$ cat entry.pdb   # PDB, C-alpha atoms and all ligand atoms
ATOM      1  CA  MET O 796       0.000   0.000   0.000  1.00  0.00           C
ATOM      2  CA  LEU O 797       1.293   3.428  -0.878  1.00  0.00           C
ATOM      3  CA  LYS O 798       1.081   6.215   1.633  1.00  0.00           C
ATOM      4  CA  ASP O 799      -2.000   8.386   1.292  1.00  0.00           C
ATOM      5  CA  PHE O 800      -0.107  11.503   0.320  1.00  0.00           C
ATOM      6  CA  MET O 801       1.407   9.685  -2.658  1.00  0.00           C
ATOM      7  CA  ARG O 802      -1.890   8.383  -3.958  1.00  0.00           C
ATOM      8  CA  LYS O 803      -3.463  11.780  -3.489  1.00  0.00           C
ATOM      9  CA  LYS O 804      -0.713  13.563  -5.405  1.00  0.00           C
ATOM     10  CA  LEU O 805      -0.768  11.040  -8.246  1.00  0.00           C
ATOM     11  CA  ARG O 806      -4.534  11.371  -8.508  1.00  0.00           C
ATOM     12  CA  GLU O 807      -4.419  15.180  -8.386  1.00  0.00           C
ATOM     13  CA  GLN O 808      -2.024  15.162 -11.318  1.00  0.00           C
ATOM     14  CA  GLY O 809      -4.034  12.634 -13.263  1.00  0.00           C
ATOM     15  CA  SER O 810      -1.132  10.214 -13.137  1.00  0.00           C
ATOM     16  CA  ARG O 811      -1.918   6.558 -12.875  1.00  0.00           C
ATOM     17  CA  VAL O 812      -0.446   4.395 -10.157  1.00  0.00           C
ATOM     18  CA  THR O 813       1.382   2.007 -12.457  1.00  0.00           C
ATOM     19  CA  ALA O 814       3.179  -1.060 -11.140  1.00  0.00           C
ATOM     20  CA  GLN O 815       6.528   0.542 -11.888  1.00  0.00           C
ATOM     21  CA  ARG O 816       5.708   3.790 -10.087  1.00  0.00           C
ATOM     22  CA  GLU O 817       4.409   1.841  -7.134  1.00  0.00           C
ATOM     23  CA  ALA O 818       7.552  -0.350  -7.052  1.00  0.00           C
ATOM     24  CA  ILE O 819       9.796   2.721  -7.075  1.00  0.00           C
ATOM     25  CA  LEU O 820       7.868   4.459  -4.313  1.00  0.00           C
ATOM     26  CA  LYS O 821       8.007   1.305  -2.204  1.00  0.00           C
ATOM     27  CA  ILE O 822      11.792   1.367  -2.493  1.00  0.00           C
ATOM     28  CA  PHE O 823      11.781   4.877  -1.020  1.00  0.00           C
ATOM     29  CA  GLU O 824       9.428   3.833   1.753  1.00  0.00           C
ATOM     30  CA  GLU O 825      11.689   0.964   2.729  1.00  0.00           C
ATOM     31  CA  TYR O 826      15.171   2.248   2.136  1.00  0.00           C
ATOM     32  CA  GLY O 827      14.528   5.821   3.056  1.00  0.00           C
ATOM     33  CA  ASP O 828      16.056   8.947   1.739  1.00  0.00           C
ATOM     34  CA  HIS O 829      18.833  10.136  -0.500  1.00  0.00           C
ATOM     35  CA  LEU O 830      18.750   7.392  -3.098  1.00  0.00           C
ATOM     36  CA  GLY O 831      20.340   8.002  -6.459  1.00  0.00           C
ATOM     37  CA  ALA O 832      18.822   6.701  -9.692  1.00  0.00           C
ATOM     38  CA  ASP O 833      21.385   3.887  -9.779  1.00  0.00           C
ATOM     39  CA  ASP O 834      20.538   2.860  -6.210  1.00  0.00           C
ATOM     40  CA  VAL O 835      16.860   2.638  -7.106  1.00  0.00           C
ATOM     41  CA  TYR O 836      17.659   0.661 -10.248  1.00  0.00           C
ATOM     42  CA  ASN O 837      19.866  -1.823  -8.379  1.00  0.00           C
ATOM     43  CA  LEU O 838      17.369  -2.298  -5.553  1.00  0.00           C
ATOM     44  CA  LEU O 839      14.619  -3.034  -8.074  1.00  0.00           C
ATOM     45  CA  LEU O 840      16.811  -5.598  -9.827  1.00  0.00           C
ATOM     46  CA  LYS O 841      17.577  -7.245  -6.498  1.00  0.00           C
ATOM     47  CA  ARG O 842      13.851  -7.645  -5.981  1.00  0.00           C
ATOM     48  CA  LYS O 843      13.516  -9.233  -9.408  1.00  0.00           C
ATOM     49  CA  LYS O 844      11.564  -6.288 -10.736  1.00  0.00           C
ATOM     50  CA  PRO O 845      12.943  -5.885 -14.226  1.00  0.00           C
ATOM     51  CA  ILE O 846      12.961  -2.272 -15.291  1.00  0.00           C
ATOM     52  CA  SER O 847      15.106  -0.230 -17.640  1.00  0.00           C
ATOM     53  CA  LYS O 848      17.384   2.481 -16.378  1.00  0.00           C
ATOM     54  CA  SER O 849      15.699   5.058 -18.539  1.00  0.00           C
ATOM     55  CA  THR O 850      12.318   4.161 -17.037  1.00  0.00           C
ATOM     56  CA  VAL O 851      13.810   4.672 -13.582  1.00  0.00           C
ATOM     57  CA  TYR O 852      15.158   8.096 -14.587  1.00  0.00           C
ATOM     58  CA  ARG O 853      11.901   9.105 -16.227  1.00  0.00           C
ATOM     59  CA  THR O 854       9.800   7.932 -13.302  1.00  0.00           C
ATOM     60  CA  LEU O 855      12.001   9.731 -10.775  1.00  0.00           C
ATOM     61  CA  GLU O 856      11.628  12.942 -12.785  1.00  0.00           C
ATOM     62  CA  LEU O 857       7.875  12.490 -13.018  1.00  0.00           C
ATOM     63  CA  LEU O 858       7.513  11.837  -9.289  1.00  0.00           C
ATOM     64  CA  THR O 859       9.652  14.901  -8.589  1.00  0.00           C
ATOM     65  CA  GLY O 860       7.574  17.003 -10.971  1.00  0.00           C
ATOM     66  CA  ILE O 861       4.347  16.213  -9.143  1.00  0.00           C
ATOM     67  CA  GLY O 862       5.920  16.738  -5.735  1.00  0.00           C
ATOM     68  CA  ILE O 863       6.127  13.212  -4.357  1.00  0.00           C
ATOM     69  CA  LEU O 864       9.901  13.161  -4.440  1.00  0.00           C
ATOM     70  CA  ARG O 865      12.374  15.910  -3.759  1.00  0.00           C
ATOM     71  CA  LYS O 866      15.459  16.084  -5.965  1.00  0.00           C
ATOM     72  CA  LEU O 867      18.631  16.996  -4.129  1.00  0.00           C
ATOM     73  CA  GLU O 868      21.810  18.066  -5.796  1.00  0.00           C
ATOM     74  CA  PHE O 869      24.930  17.363  -3.817  1.00  0.00           C
ATOM     75  CA  ASN O 870      28.619  17.796  -4.560  1.00  0.00           C
ATOM     76  CA  GLY O 871      29.529  17.732  -8.213  1.00  0.00           C
ATOM     77  CA  GLY O 872      26.094  17.452  -9.787  1.00  0.00           C
ATOM     78  CA  VAL O 873      25.149  14.184  -8.091  1.00  0.00           C
ATOM     79  CA  TYR O 874      21.388  13.889  -7.823  1.00  0.00           C
ATOM     80  CA  ARG O 875      19.633  12.036  -5.059  1.00  0.00           C
ATOM     81  CA  TYR O 876      15.974  11.748  -4.267  1.00  0.00           C
ATOM     82  CA  GLU O 877      13.872  11.520  -1.139  1.00  0.00           C
ATOM     83  CA  LEU O 878      10.186  11.461  -0.280  1.00  0.00           C
ATOM     84  CA  SER O 879       8.853  14.972   0.074  1.00  0.00           C
ATOM     85  CA  GLU O 880       6.252  14.360   2.715  1.00  0.00           C
ATOM     86  CA  PRO O 881       5.235  17.749   4.074  1.00  0.00           C
ATOM     87  CA  SER O 882       6.154  16.671   7.593  1.00  0.00           C
ATOM     88  CA  SER O 883       9.645  15.589   6.581  1.00  0.00           C
ATOM     89  CA  ASN O 884      11.157  18.948   5.698  1.00  0.00           C
ATOM     90  CA  HIS O 885      14.771  18.945   6.676  1.00  0.00           C
ATOM     91  CA  HIS O 886      18.196  20.105   5.621  1.00  0.00           C
ATOM     92  CA  HIS O 887      21.325  18.168   4.892  1.00  0.00           C
ATOM     93  CA  ALA O 888      24.894  17.961   6.074  1.00  0.00           C
ATOM     94  CA  VAL O 889      27.166  16.139   3.635  1.00  0.00           C
ATOM     95  CA  CYS O 890      30.557  14.601   4.373  1.00  0.00           C
ATOM     96  CA  THR O 891      32.893  15.732   1.611  1.00  0.00           C
ATOM     97  CA  ARG O 892      35.093  12.669   2.090  1.00  0.00           C
ATOM     98  CA  CYS O 893      32.773   9.644   2.203  1.00  0.00           C
ATOM     99  CA  GLY O 894      29.580  11.248   0.919  1.00  0.00           C
ATOM    100  CA  LYS O 895      27.530  10.372   3.987  1.00  0.00           C
ATOM    101  CA  ILE O 896      24.394  12.494   4.289  1.00  0.00           C
ATOM    102  CA  ILE O 897      22.909  13.490   7.609  1.00  0.00           C
ATOM    103  CA  ASP O 898      19.387  14.903   7.956  1.00  0.00           C
ATOM    104  CA  LEU O 899      18.979  18.011  10.063  1.00  0.00           C
ATOM    105  CA  LYS O 900      15.611  19.027  11.358  1.00  0.00           C
ATOM    106  CA  PHE O 901      15.618  22.774  11.631  1.00  0.00           C
ATOM    107  CA  GLU O 902      12.652  25.099  11.404  1.00  0.00           C
ATOM    108  CA  GLU O 903      14.341  28.476  11.812  1.00  0.00           C
ATOM    109  CA  VAL O 904      14.812  28.828   8.084  1.00  0.00           C
ATOM    110  CA  SER O 905      11.343  30.416   7.951  1.00  0.00           C
ATOM    111  CA  GLU O 906      12.984  33.612   9.270  1.00  0.00           C
ATOM    112  CA  LEU O 907      15.083  33.655   6.130  1.00  0.00           C
ATOM    113  CA  PHE O 908      11.962  33.288   3.996  1.00  0.00           C
ATOM    114  CA  LYS O 909      10.287  36.176   5.786  1.00  0.00           C
ATOM    115  CA  LYS O 910      13.301  38.322   5.129  1.00  0.00           C
ATOM    116  CA  ALA O 911      13.312  37.471   1.432  1.00  0.00           C
ATOM    117  CA  GLU O 912       9.590  38.123   1.180  1.00  0.00           C
ATOM    118  CA  LYS O 913       9.961  41.471   2.876  1.00  0.00           C
ATOM    119  CA  MET O 914      12.268  42.392   0.044  1.00  0.00           C
ATOM    120  CA  GLY O 915       9.592  41.410  -2.414  1.00  0.00           C
ATOM    121  CA  PHE O 916      11.189  38.117  -3.311  1.00  0.00           C
ATOM    122  CA  PHE O 917       8.849  35.169  -3.833  1.00  0.00           C
ATOM    123  CA  VAL O 918      10.430  31.928  -2.612  1.00  0.00           C
ATOM    124  CA  ASN O 919       9.241  28.758  -4.313  1.00  0.00           C
ATOM    125  CA  ASN O 920      12.159  26.492  -3.580  1.00  0.00           C
ATOM    126  CA  TYR O 921      15.273  26.455  -1.486  1.00  0.00           C
ATOM    127  CA  SER O 922      18.248  24.345  -0.660  1.00  0.00           C
ATOM    128  CA  ILE O 923      20.590  24.478   2.290  1.00  0.00           C
ATOM    129  CA  ILE O 924      23.475  22.054   2.421  1.00  0.00           C
ATOM    130  CA  LEU O 925      26.235  22.038   5.004  1.00  0.00           C
ATOM    131  CA  TYR O 926      29.513  20.482   3.886  1.00  0.00           C
ATOM    132  CA  GLY O 927      32.117  19.035   6.207  1.00  0.00           C
ATOM    133  CA  LEU O 928      33.516  15.820   7.654  1.00  0.00           C
ATOM    134  CA  CYS O 929      31.490  13.142   9.435  1.00  0.00           C
ATOM    135  CA  PRO O 930      32.753  11.780  12.790  1.00  0.00           C
ATOM    136  CA  SER O 931      34.538   8.735  11.347  1.00  0.00           C
ATOM    137  CA  CYS O 932      36.214  10.753   8.594  1.00  0.00           C
ATOM    138  CA  GLN O 933      37.389  13.254  11.209  1.00  0.00           C
ATOM    139  CA  GLU O 934      38.912  10.374  13.130  1.00  0.00           C
ATOM    140  CA  ASN O 935      40.667   9.058  10.024  1.00  0.00           C
ATOM    141  CA  GLU O 936      41.857  12.539   9.224  1.00  0.00           C
ATOM    142  CA  MET O 937      43.379  12.882  12.707  1.00  0.00           C
ATOM    143  CA  LYS O 938      44.999   9.463  12.387  1.00  0.00           C
ATOM    144  CA  SER O 939      46.606  10.268   9.066  1.00  0.00           C
ATOM    145  CA  ILE O 940      47.876  13.598  10.401  1.00  0.00           C
ATOM    146  CA  THR O 941      49.477  11.977  13.458  1.00  0.00           C
ATOM    147  CA  GLU O 942      50.951   9.193  11.310  1.00  0.00           C
ATOM    148  CA  LYS O 943      52.411  11.745   8.981  1.00  0.00           C
ATOM    149  CA  MET O 944      53.898  13.643  11.926  1.00  0.00           C
ATOM    150  CA  ASP O 945      55.387  10.407  13.329  1.00  0.00           C
ATOM    151  CA  ASN O 946      56.942   9.618   9.945  1.00  0.00           C
ATOM    152  CA  ASP O 947      58.371  13.091   9.624  1.00  0.00           C
ATOM    153  CA  GLU O 948      59.910  12.861  13.077  1.00  0.00           C
ATOM    154  CA  SER O 949      61.536   9.467  12.521  1.00  0.00           C
ATOM    155  CA  ARG O 950      63.192  10.699   9.335  1.00  0.00           C
TER     156      ARG O 950
HETATM  157 ZN    ZN I   1      32.667  10.832   6.136  1.00  0.00          ZN
HETATM  158 ZN    ZN I   2      17.136  14.159   3.547  1.00  0.00          ZN
END

$ encode --input "entry.pdb" --output "C-alpha cells"
Amino acid sequence: MLKDFMRKKLREQGSRVTAQREAILKIFEEYGDHLGADDVYNLLLKRKKPISKSTVYRTLELLTGIGILRKLEFNGGVYRYELSEPSSNHHHAVCTRCGKIIDLKFEEVSELFKKAEKMGFFVNNYSIILYGLCPSCQENEMKSITEKMDNDESR
C-alpha cells in the first residue's frame, strides 16, 4: 500500500499508479532517503523487478515534478531523491570525504523566507546544504595527520 499523500498527489495530477511507479515508491518507503537513480535501479533488480534504467530516470523525474519526491543536488552534480512528505522537511549535512548524508531538522529557516519576502522576493524552492567531515572521517583525518607527523619525526 502506498502512503495516502502519494496516492493523493498522483490522482491530483491525473497520473496513474502504475506497477513501476508503485515499485519505485516502495523502495523509497523501505530504504529511506537520499537514493540516487542507480541505487533505485539496483534495488529493483535485487527484488527481481525488471525495469530499464531510462524508465527509472523518467519515473524519478515524473515523481519529482508532481511533488512526491524531492530532488537533491549534492557535490559535483550528483542527484539524489527523497520522499517529500510535508512533515519531513529537513536540511542536509554532507561529508565531503565519504559522501555520507545526515538529515537536520531545523525550522528556523522560515525567518530567512520572511526576510526574502519582505524584500519582495517570492520563494518557491530552497536548498541548504552544510559540507564538512562526518565523525569517522574526522577520526581518520586525525589518524593520518598523526601518522604523517610520526613519519616526519623518525626521518
Ligand atoms: Zn565521512
Ligand atoms: Zn534528507

$ resolve_selection --input "entry.pdb" --expression "the PyMOL selection byres (((chain O and resi 824-827) around 9) and not hetatm)" --output "ChimeraX atom specification"
/O:797-798,819-823,828-830,877-878

$ resolve_selection --input "entry.pdb" --expression "the PyMOL selection byres (((chain O and resi 892-907) around 9) and not hetatm)" --output "MDAnalysis selection string"
chainID O and resid 829 870 883:891 908:912 927:929 932

$ closest_residue --input "entry.pdb" --among "O:Ala818, O:Gly831, O:Arg802, O:Phe917" --to "Gly872 in chain O" --atoms "only C-alpha atoms"
O:Gly831

$ residues_around --input "entry.pdb" --residues "range 854-866 of chain O" --least-positions-apart "6" --cutoff "8 Å" --atoms "all atoms listed in the file" --output "list in words"
Phe800, Met801, Lys804, Leu805, Gln808, Arg816, Ala832, Tyr874, Arg875, Tyr876, Glu877, Leu878, Ser879 and Glu880 of chain O

$ atom_distance --input "entry.pdb" --atom1 "CA of Thr941 in chain O" --atom2 "atom ZN of ligand ZN 1 (chain I)"
18.4 Å

$ atom_distance --input "entry.pdb" --atom1 "CA of Glu948 in chain O" --atom2 "CA of Glu934 in chain O"
21.1 Å
